[in-house]
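Asks: Here it is: the structure, laid out below.
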Amino acid sequence: MADQAKTISFGSRVGIASTTLKAMTAASARLWTSPFKGQHGAHNYFKDVIFAMMRTQLGNTNLEQETYTRVPTTQAYLGFCKDHGIPPESLTLSSGTQAHWLGNKNAKRVLLWLHGGGYVVAGGAGHFQYLVDMKDTLNAQGSDTAVLILAYGLAPENVYPTQLTQAVEVLRYLVKTTGRIPSDISIGGDSAGGNLCLGLISHIAHPHPEIPALHLPTKLHAALLLSPWCSFNTHTRAYQTNAEKDCFDRRALGRWSSAFLGSDSPFAGDFYSEPVTAPAYWWEATASVVGEVLVWAGGNEVLLDGIEEWARRFTKGYGKQGGRVNVAITPKAAHVEPILELLLGYKGDSGTGSAKVIKDWARAKL
């Protein structure tokens with residue numbers, strides 16, 4: 001796979017060390033300044049320090065360094081399975097794209113998950129643990145459910161609409177090859193994965209001109225969108241008000257959107273790749289694609305304005321045709337907070353209540 005290439009210039013090698021030093025310095029400084037940040041900092045002291053380090057690391061890294069240091073999704077999945085004593089189970093689609101199971105591949109219900117990472121960073125242990133926990137929660141209440149994670153091609157080697165083509169392909173596999181009915185399939189995604197979920201339901205409702213249409217006999221059961229990346233505009237108010245509350249900033253997001261779209265133009269996005277650009281009427285047809293939708297976001301996200309604007313348009317169009325949508329904004333929560341909590345070592349909720357909001361919805365709807 002292209003995202004496994006491991007070549008890097010000498011300058012970028014040196015840059016990795018320099019960026020790491022900057023991140024450590026930022027964290028050290030935040031140890032002293034965090035108590036004085038008040039409402040301008042993250043939810044608690046620990047996260048405030050860690051997020052300062054993450055913002056510095058991500059903001060000062062370039063694409064060459066990211067592609068060099070990342071562990072591909074497939075490799076990360078195999079490592080996670082080994083560490084947790086889970087037998088790996090993968091499939092390879094006709095295009096060569098892989099997808100990986102968590103749980104019984106013959107389960108009646110499937111949650112197709114599209115991972116986040118700005119289309120540049122691979123899926124990792126935080127994603128897999130979060131999805132294992134969700135699968136176990138659903139199965140504990142009698143729902144025979146497995147999760148399938150798509151290892152889509154990462155940017156900058158793979159640009160839009162490659163990832164959407166692959167998402168359509170894996171959903172087609174679930175319906176046409178495994179014989180599952182769409183009402184037994186839910187889709188979900190975090191961040192860029194939420195973006196891809198929206199591209200997927202847009203394609204089913206309005207086929208993308210470069211991708212074969214996918215006709216479903218029934219609606220998909222539900223869609224779960226965690227901090228969906230709806231807008232590539234990095235100059236909204238939340239980028240200022242939440243600048244020191246979230247785990248990244250406009251530097252990383254601008255770099256990733258340009259890599260994904262293959263363009264630095266602010267007008268490169270379309271209705272499929274940048275959901276906030278689609279008007280309300282576009283989303284009317286998606287009410288015949290998916291039955292229920294949860295949109296979750298954190299109140300401390302820099303992406304918040306884009307999510308809320310898209311959600312208003314989506315609710316107006318999708319809801320007009322009978323679609324059921326729940327938009328939940330959790331105060332003081334950061335981007336993809338429930339997954340970040342696992343990455344940061346929390347054994348339960350860190351105090352924002354984010355995980356419970358999502359888990360309660362999943363129990364009731366999935």
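Chains: A, B, ... in order of the structure tokens. Residues: from 1 per chain. Ligands: from 1, in order shown.
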Select from segment 191-222 of chain A every residue with an atom at most 12 Å from any atom of segment 302-316 of chain A, then for each give the shortest pair of atoms and their distance in Å to one decimal, using only C-alpha atoms, rows by chain and rising number, as a Markdown table.

Replies:
| residue | atom | partner | partner_atom | distance |
| --- | --- | --- | --- | --- |
| A:Ser191 | CA | A:Leu303 | CA | 9.3 |
| A:Ala192 | CA | A:Leu303 | CA | 11.3 |
| A:Gly194 | CA | A:Ile307 | CA | 10.5 |
| A:Asn195 | CA | A:Ile307 | CA | 10.2 |
| A:Leu198 | CA | A:Phe314 | CA | 10.3 |
| A:Ile201 | CA | A:Phe314 | CA | 11.9 |
| A:Ser202 | CA | A:Phe314 | CA | 11.3 |

Asks: Take the residues from that selection and put them in a file with C-alpha atoms, as a PDB file, in the first residue's frame.

Replies:
ATOM      1  CA  SER A 191     -13.624  13.237  12.428  1.00  0.00           C
ATOM      2  CA  ALA A 192     -12.497  12.554   8.838  1.00  0.00           C
ATOM      3  CA  GLY A 194     -17.531  11.195   9.889  1.00  0.00           C
ATOM      4  CA  ASN A 195     -16.814  13.282   6.802  1.00  0.00           C
ATOM      5  CA  LEU A 198     -21.536  11.855   4.941  1.00  0.00           C
ATOM      6  CA  ILE A 201     -24.772   8.697   2.196  1.00  0.00           C
ATOM      7  CA  SER A 202     -24.561  11.612  -0.249  1.00  0.00           C
TER       8      SER A 202
END

Asks: Leaving out segment 93-95 of chain A and any residue of its chain fewer than 6 positions from it, which residues lie within 10 Å of it when counting only C-alpha atoms, given as a list of chain:residue names?

Replies: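 The neighbour list is A:Thr165, A:Gln166, A:Glu169, A:Val170, A:Tyr173.
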
Asks: Please, could you write that set of residues out with N, CA, C and O atoms as a PDB file, in the first residue's frame?

Replies:
ATOM      1  N   THR A 165     -14.628   6.204  -2.948  1.00  0.00           N
ATOM      2  CA  THR A 165     -14.750   5.025  -3.806  1.00  0.00           C
ATOM      3  C   THR A 165     -14.584   3.747  -2.984  1.00  0.00           C
ATOM      4  O   THR A 165     -15.332   2.761  -3.162  1.00  0.00           O
ATOM      5  N   GLN A 166     -13.617   3.743  -2.081  1.00  0.00           N
ATOM      6  CA  GLN A 166     -13.361   2.563  -1.248  1.00  0.00           C
ATOM      7  C   GLN A 166     -14.489   2.327  -0.246  1.00  0.00           C
ATOM      8  O   GLN A 166     -14.850   1.178   0.039  1.00  0.00           O
ATOM      9  N   GLU A 169     -17.246   0.761  -2.042  1.00  0.00           N
ATOM     10  CA  GLU A 169     -16.893  -0.620  -2.359  1.00  0.00           C
ATOM     11  C   GLU A 169     -17.124  -1.549  -1.179  1.00  0.00           C
ATOM     12  O   GLU A 169     -17.664  -2.656  -1.341  1.00  0.00           O
ATOM     13  N   VAL A 170     -16.738  -1.125   0.020  1.00  0.00           N
ATOM     14  CA  VAL A 170     -16.901  -2.020   1.172  1.00  0.00           C
ATOM     15  C   VAL A 170     -18.372  -2.159   1.554  1.00  0.00           C
ATOM     16  O   VAL A 170     -18.813  -3.248   1.953  1.00  0.00           O
ATOM     17  N   TYR A 173     -19.833  -4.568  -0.804  1.00  0.00           N
ATOM     18  CA  TYR A 173     -19.437  -5.925  -0.414  1.00  0.00           C
ATOM     19  C   TYR A 173     -20.376  -6.472   0.665  1.00  0.00           C
ATOM     20  O   TYR A 173     -20.822  -7.631   0.584  1.00  0.00           O
TER      21      TYR A 173
END

Asks: Hey, could you make a per-residue contact list for segment 88-126 of chain A against segment 211-222 of chain A with 10 Å as the cut-off, showing the nearest pair of atoms and its distance in Å to one decimal, counting only C-alpha atoms, sorted by chain and number, as a tab-separated table?

Replies:
residue	atom	partner	partner_atom	distance
A:Arg109	CA	A:His221	CA	9.5
A:Val110	CA	A:His221	CA	9.8
A:Leu111	CA	A:Ala222	CA	9.1

Asks: Export N, CA and C atoms of the chosen residues as a CSV table (one decimal), in the first residue's frame?

Replies:
chain,number,residue,atom,x,y,z
A,109,ARG,N,-25.7,-8.2,12.7
A,109,ARG,CA,-25.6,-6.7,12.5
A,109,ARG,C,-24.2,-6.3,12.4
A,110,VAL,N,-24.0,-5.3,11.5
A,110,VAL,CA,-22.6,-4.8,11.3
A,110,VAL,C,-22.6,-3.3,11.5
A,111,LEU,N,-21.6,-2.8,12.2
A,111,LEU,CA,-21.3,-1.4,12.3
A,111,LEU,C,-20.0,-1.2,11.4

Asks: Using only C-alpha atoms for the distances, tell me which of A:Asn300, A:Gln321, A:Thr286, A:Ser34 is nearest to Thr352 of chain A.

Replies: A:Asn300

Asks: Quick check for you: according to DSSP on this backbone, which residues of segment 142-188 of chain A are classed as strand (DSSP E)? Reply as a ChimeraX atom specification.

Replies: /A:145-151,185-188

Asks: Store the residues picked out above in a file with C-alpha atoms, as a PDB file, in the first residue's frame.

Replies:
ATOM      1  CA  THR A 145     -23.113  -7.079  16.276  1.00  0.00           C
ATOM      2  CA  ALA A 146     -19.630  -6.944  14.771  1.00  0.00           C
ATOM      3  CA  VAL A 147     -17.554  -3.976  13.636  1.00  0.00           C
ATOM      4  CA  LEU A 148     -15.856  -3.733  10.245  1.00  0.00           C
ATOM      5  CA  ILE A 149     -13.124  -1.089   9.922  1.00  0.00           C
ATOM      6  CA  LEU A 150     -12.150   0.127   6.464  1.00  0.00           C
ATOM      7  CA  ALA A 151      -8.406   0.669   5.958  1.00  0.00           C
ATOM      8  CA  ILE A 185     -25.962  -2.292   8.688  1.00  0.00           C
ATOM      9  CA  SER A 186     -25.072   0.934  10.478  1.00  0.00           C
ATOM     10  CA  ILE A 187     -22.243   3.249   9.528  1.00  0.00           C
ATOM     11  CA  GLY A 188     -20.111   5.355  11.812  1.00  0.00           C
TER      12      GLY A 188
END

Asks: What is the atom CA of Asp136 of chain A to atom CA of Gly85 of chain A distance in Å?

Replies: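 That distance, rounded to one decimal, is 15.2 Å.
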
Asks: Return the single residue from A:Asp246, A:Asp144, A:Asp184, A:Asp190 that is closest to Asp48 of chain A, with distances computed using only C-alpha atoms.

Replies: A:Asp246

Asks: Find the residue from A:Leu344, A:Ala125, A:Val327, A:Ala17 that sits nearest to Cys247 of chain A; use only C-alpha atoms when measuring.

Replies: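 With only C-alpha atoms as the atom set, the closest residue is A:Leu344.
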
Asks: List the spatial neighbours of segment 89-91 of chain A as an NGL selection string - criterion: any atom at most 12 Å away, only C-alpha atoms, same-chain residues fewer than 4 positions off excluded.

Replies: :A and (73-75 or 77-78 or 81-82 or 95-106 or 146-151 or 170 or 173-174 or 177-178)

Asks: Let me make sure I understand: among A:Ala287, A:Val121, A:Ile339, A:Ala76, which one has the smallest atom-to-atom distance to Ser257 of chain A if we use only C-alpha atoms?

Replies: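 Checking each of A:Ala287, A:Val121, A:Ile339, A:Ala76 against Ser257 of chain A, counting only C-alpha atoms, the winner is A:Val121.
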
Asks: Residues of segment 78-146 of chain A that approach segment 355-362 of chain A to 9 Å or less, counting only C-alpha atoms: could you list each one with the shortest pair of atoms and its distance in Å to one decimal, rows by chain and increasing residue number, as JSON lines?

Replies:
{"residue": "A:Met134", "atom": "CA", "partner": "A:Lys359", "partner_atom": "CA", "distance": 7.4}
{"residue": "A:Thr137", "atom": "CA", "partner": "A:Lys359", "partner_atom": "CA", "distance": 8.2}
{"residue": "A:Leu138", "atom": "CA", "partner": "A:Ala362", "partner_atom": "CA", "distance": 7.7}

Asks: Generate a file of the selected residues that holds N, CA and C atoms, formatted as a compact mmCIF listing (two decimals), in the first residue's frame.

Replies:
# COMPACT_ATOMS: atom_id res chain seq x y z
N MET A 134 -17.61 -0.69 22.30
CA MET A 134 -18.96 -0.48 21.80
C MET A 134 -19.60 -1.80 21.37
N THR A 137 -20.61 -3.72 24.40
CA THR A 137 -21.80 -3.14 25.02
C THR A 137 -23.06 -3.58 24.29
N LEU A 138 -23.02 -3.55 22.96
CA LEU A 138 -24.19 -3.94 22.18
C LEU A 138 -24.49 -5.42 22.31

Asks: Name the residues in contact with Gln65 of chain A at a cut-off of 12 Å, using only C-alpha atoms, excluding same-chain residues fewer than 5 positions from it; report them as a short mmCIF file (atom, residue, chain, number, x, y, z; two decimals) with N, CA and C atoms, in the first residue's frame.

Replies:
data_model
loop_
_atom_site.label_atom_id
_atom_site.label_comp_id
_atom_site.auth_asym_id
_atom_site.auth_seq_id
_atom_site.Cartn_x
_atom_site.Cartn_y
_atom_site.Cartn_z
N ALA A 5 5.06 3.60 2.51
CA ALA A 5 6.35 4.06 2.07
C ALA A 5 7.10 4.70 3.23
N LYS A 6 8.42 4.42 3.33
CA LYS A 6 9.20 4.92 4.46
C LYS A 6 10.46 5.62 3.96
N THR A 7 10.29 6.67 3.18
CA THR A 7 11.41 7.47 2.72
C THR A 7 11.22 8.89 3.23
N ILE A 8 12.35 9.52 3.59
CA ILE A 8 12.27 10.86 4.16
C ILE A 8 13.60 11.57 3.96
N SER A 9 13.53 12.89 3.75
CA SER A 9 14.74 13.68 3.55
C SER A 9 15.46 13.88 4.88
N PHE A 10 16.73 14.23 4.80
CA PHE A 10 17.51 14.46 6.00
C PHE A 10 16.94 15.62 6.80
N GLY A 11 16.51 16.68 6.09
CA GLY A 11 15.95 17.83 6.77
C GLY A 11 14.71 17.49 7.58
N SER A 12 13.86 16.62 7.01
CA SER A 12 12.65 16.23 7.73
C SER A 12 12.97 15.32 8.91
N ARG A 13 14.03 14.52 8.78
CA ARG A 13 14.45 13.69 9.92
C ARG A 13 14.86 14.58 11.10
N VAL A 14 15.63 15.59 10.79
CA VAL A 14 16.05 16.53 11.83
C VAL A 14 14.82 17.26 12.39
N GLY A 15 13.88 17.56 11.49
CA GLY A 15 12.67 18.27 11.89
C GLY A 15 11.82 17.50 12.89
N ILE A 16 11.84 16.17 12.78
CA ILE A 16 11.07 15.35 13.72
C ILE A 16 11.60 15.56 15.14
N ALA A 17 12.91 15.53 15.28
CA ALA A 17 13.51 15.74 16.60
C ALA A 17 13.23 17.14 17.11
N SER A 18 13.32 18.14 16.21
CA SER A 18 13.07 19.52 16.60
C SER A 18 11.63 19.71 17.05
N THR A 19 10.68 19.12 16.31
CA THR A 19 9.27 19.24 16.66
C THR A 19 8.97 18.56 17.98
N THR A 20 9.57 17.40 18.20
CA THR A 20 9.38 16.70 19.47
C THR A 20 9.87 17.55 20.64
N GLN A 57 2.98 19.59 18.52
CA GLN A 57 3.50 18.49 17.71
C GLN A 57 2.84 18.45 16.34
N LEU A 58 1.51 18.49 16.32
CA LEU A 58 0.78 18.41 15.06
C LEU A 58 0.95 19.67 14.22
N GLY A 59 1.04 20.81 14.88
CA GLY A 59 1.15 22.06 14.16
C GLY A 59 2.49 22.28 13.50
N ASN A 60 3.52 21.64 14.01
CA ASN A 60 4.87 21.83 13.47
C ASN A 60 5.38 20.65 12.66
N ARG A 70 3.97 7.38 10.57
CA ARG A 70 2.69 6.72 10.84
C ARG A 70 2.79 5.20 10.67
N VAL A 120 -5.01 11.61 6.72
CA VAL A 120 -3.55 11.47 6.64
C VAL A 120 -3.04 10.50 7.70
N VAL A 121 -3.60 10.55 8.90
CA VAL A 121 -3.19 9.69 10.01
C VAL A 121 -4.01 8.41 9.98
N PRO A 156 -1.08 11.93 1.63
CA PRO A 156 -1.27 12.57 0.32
C PRO A 156 -1.16 11.61 -0.87
#

Asks: For the structure I just gave you, how does DSSP split segment 103-172 of chain A - specifically, which residues are alpha helix (DSSP H)? Reply as a list of chain:residue names.

Replies: A:Ala125, A:Gly126, A:His127, A:Phe128, A:Gln129, A:Tyr130, A:Leu131, A:Val132, A:Asp133, A:Met134, A:Lys135, A:Asp136, A:Thr137, A:Leu138, A:Asn139, A:Ala140, A:Thr162, A:Gln163, A:Leu164, A:Thr165, A:Gln166, A:Ala167, A:Val168, A:Glu169, A:Val170, A:Leu171, A:Arg172

Asks: Nearest to Phe51 of chain A: which of A:His235, A:Phe267, A:Glu157, A:Asn242 is it, counting only C-alpha atoms?

Replies: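 Using only C-alpha atoms, the shortest distance to Phe51 of chain A belongs to A:Asn242.
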
Asks: Quick one, how far is atom CA of Ala297 of chain A from atom CA of Ser263 of chain A?

Replies: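 Result for atom CA of Ala297 of chain A versus atom CA of Ser263 of chain A: 27.0 Å, one decimal.
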